[in-house]
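Structure first, commentary second.
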Amino acid sequence: MLRKNMAIEVIIRGSRGATVVDFHGRLDMHSRWHVKAIINQCCHTEREHLILNLQNLTFVDSAGLGFLVLFSRKFQDLHRRITWIQPQGCVGDLIESLQLQDLISICPTEQEALSSSSL
């Protein structure tokens with residue numbers, strides 16, 4: 001399934017027992033509502049492991065990052081597994097500097113995220 005917005009493209013796909021959500025582009029104050037609708041849909045359909053692939057996220061503002069963190073914590077509170085795939089560049093640097101890996105499972109690759117789903 002492919003969903004487009006002016007700033008962001010989101011692709012949802014199944015992969016070995018998990019739902020993977022691929023982000024391409026900018027996650028900002030304007031695109032977060034689009035992303036929220038998609039992620040809420042995934043929340044209703046994925047019962048085990050949700051993987052947010054942030055590798056191709058080129059920009060994130062505080063509204064977009066705040067949404068991802070709050071949603072991830074909410075998903076964890078439902079006793080479901082969520083994993084982020086580490087973004088590249090300045091977005092990756094931001095996530096590392098904020099030490100979000102202390103709150104959310106972050107893997108460097110999709111393969112590692114899928115492997116972690118069997119733990």
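By convention here, the chains of the structure tokens are called A, B, ... in the order presented, each chain's residues are numbered starting at 1, and ligands are numbered starting at 1 in the order presented.
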
**Item:** Contacts of range 18-31 of chain A at 8 Å (only C-alpha atoms; same-chain gap of 6+ positions) as a VMD selection string
**Value:** chain A and resid 5 to 12 42 46 48 to 65 114 117

**Request:** For range 96-107 of chain A, please output as a list in words all residues within 9 Å (counting only C-alpha atoms; exclusion window: fewer than 6 positions along the same chain).
**Result:**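 In the requested format, the answer is Val69, Ser72, Arg73, Gln76, Arg81, Ile82, Thr83, Trp84, Ile85, Gln86, Ala113 and Ser116 of chain A.
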
**Message:** Can you tell me, as JSON, numbers by chain, which residues in chain A count as helix (DSSP H, G or I) by DSSP?
**Reply:** {"A": [32, 33, 34, 35, 36, 37, 38, 39, 40, 41, 42, 43, 44, 45, 62, 63, 64, 65, 66, 67, 68, 69, 70, 71, 72, 73, 74, 75, 76, 77, 89, 90, 91, 92, 93, 94, 95, 96, 97, 100, 101, 102, 110, 111, 112, 113, 114, 115, 116]}

**Message:** I need the strand (DSSP E or B) residues of chain A per DSSP on the backbone, written as a PyMOL selection string.
**Reply:** chain A and resi 2-4+8-15+18-27+49-60+81-85+105-107

**Asked** With only C-alpha atoms as the basis for distance, which of A:Arg16, A:Cys90, A:Phe71, A:Gly66 is at the shortest distance from Ile39 in chain A?
**Response** A:Phe71

**Prompt:** Which residue, A:Ser115, A:Asp93, A:Gln88, A:Lys74, has the smallest gap to Gly17 in chain A when you use only C-alpha atoms?
**Reply:**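 So, comparing all the options, the nearest one is A:Ser115.
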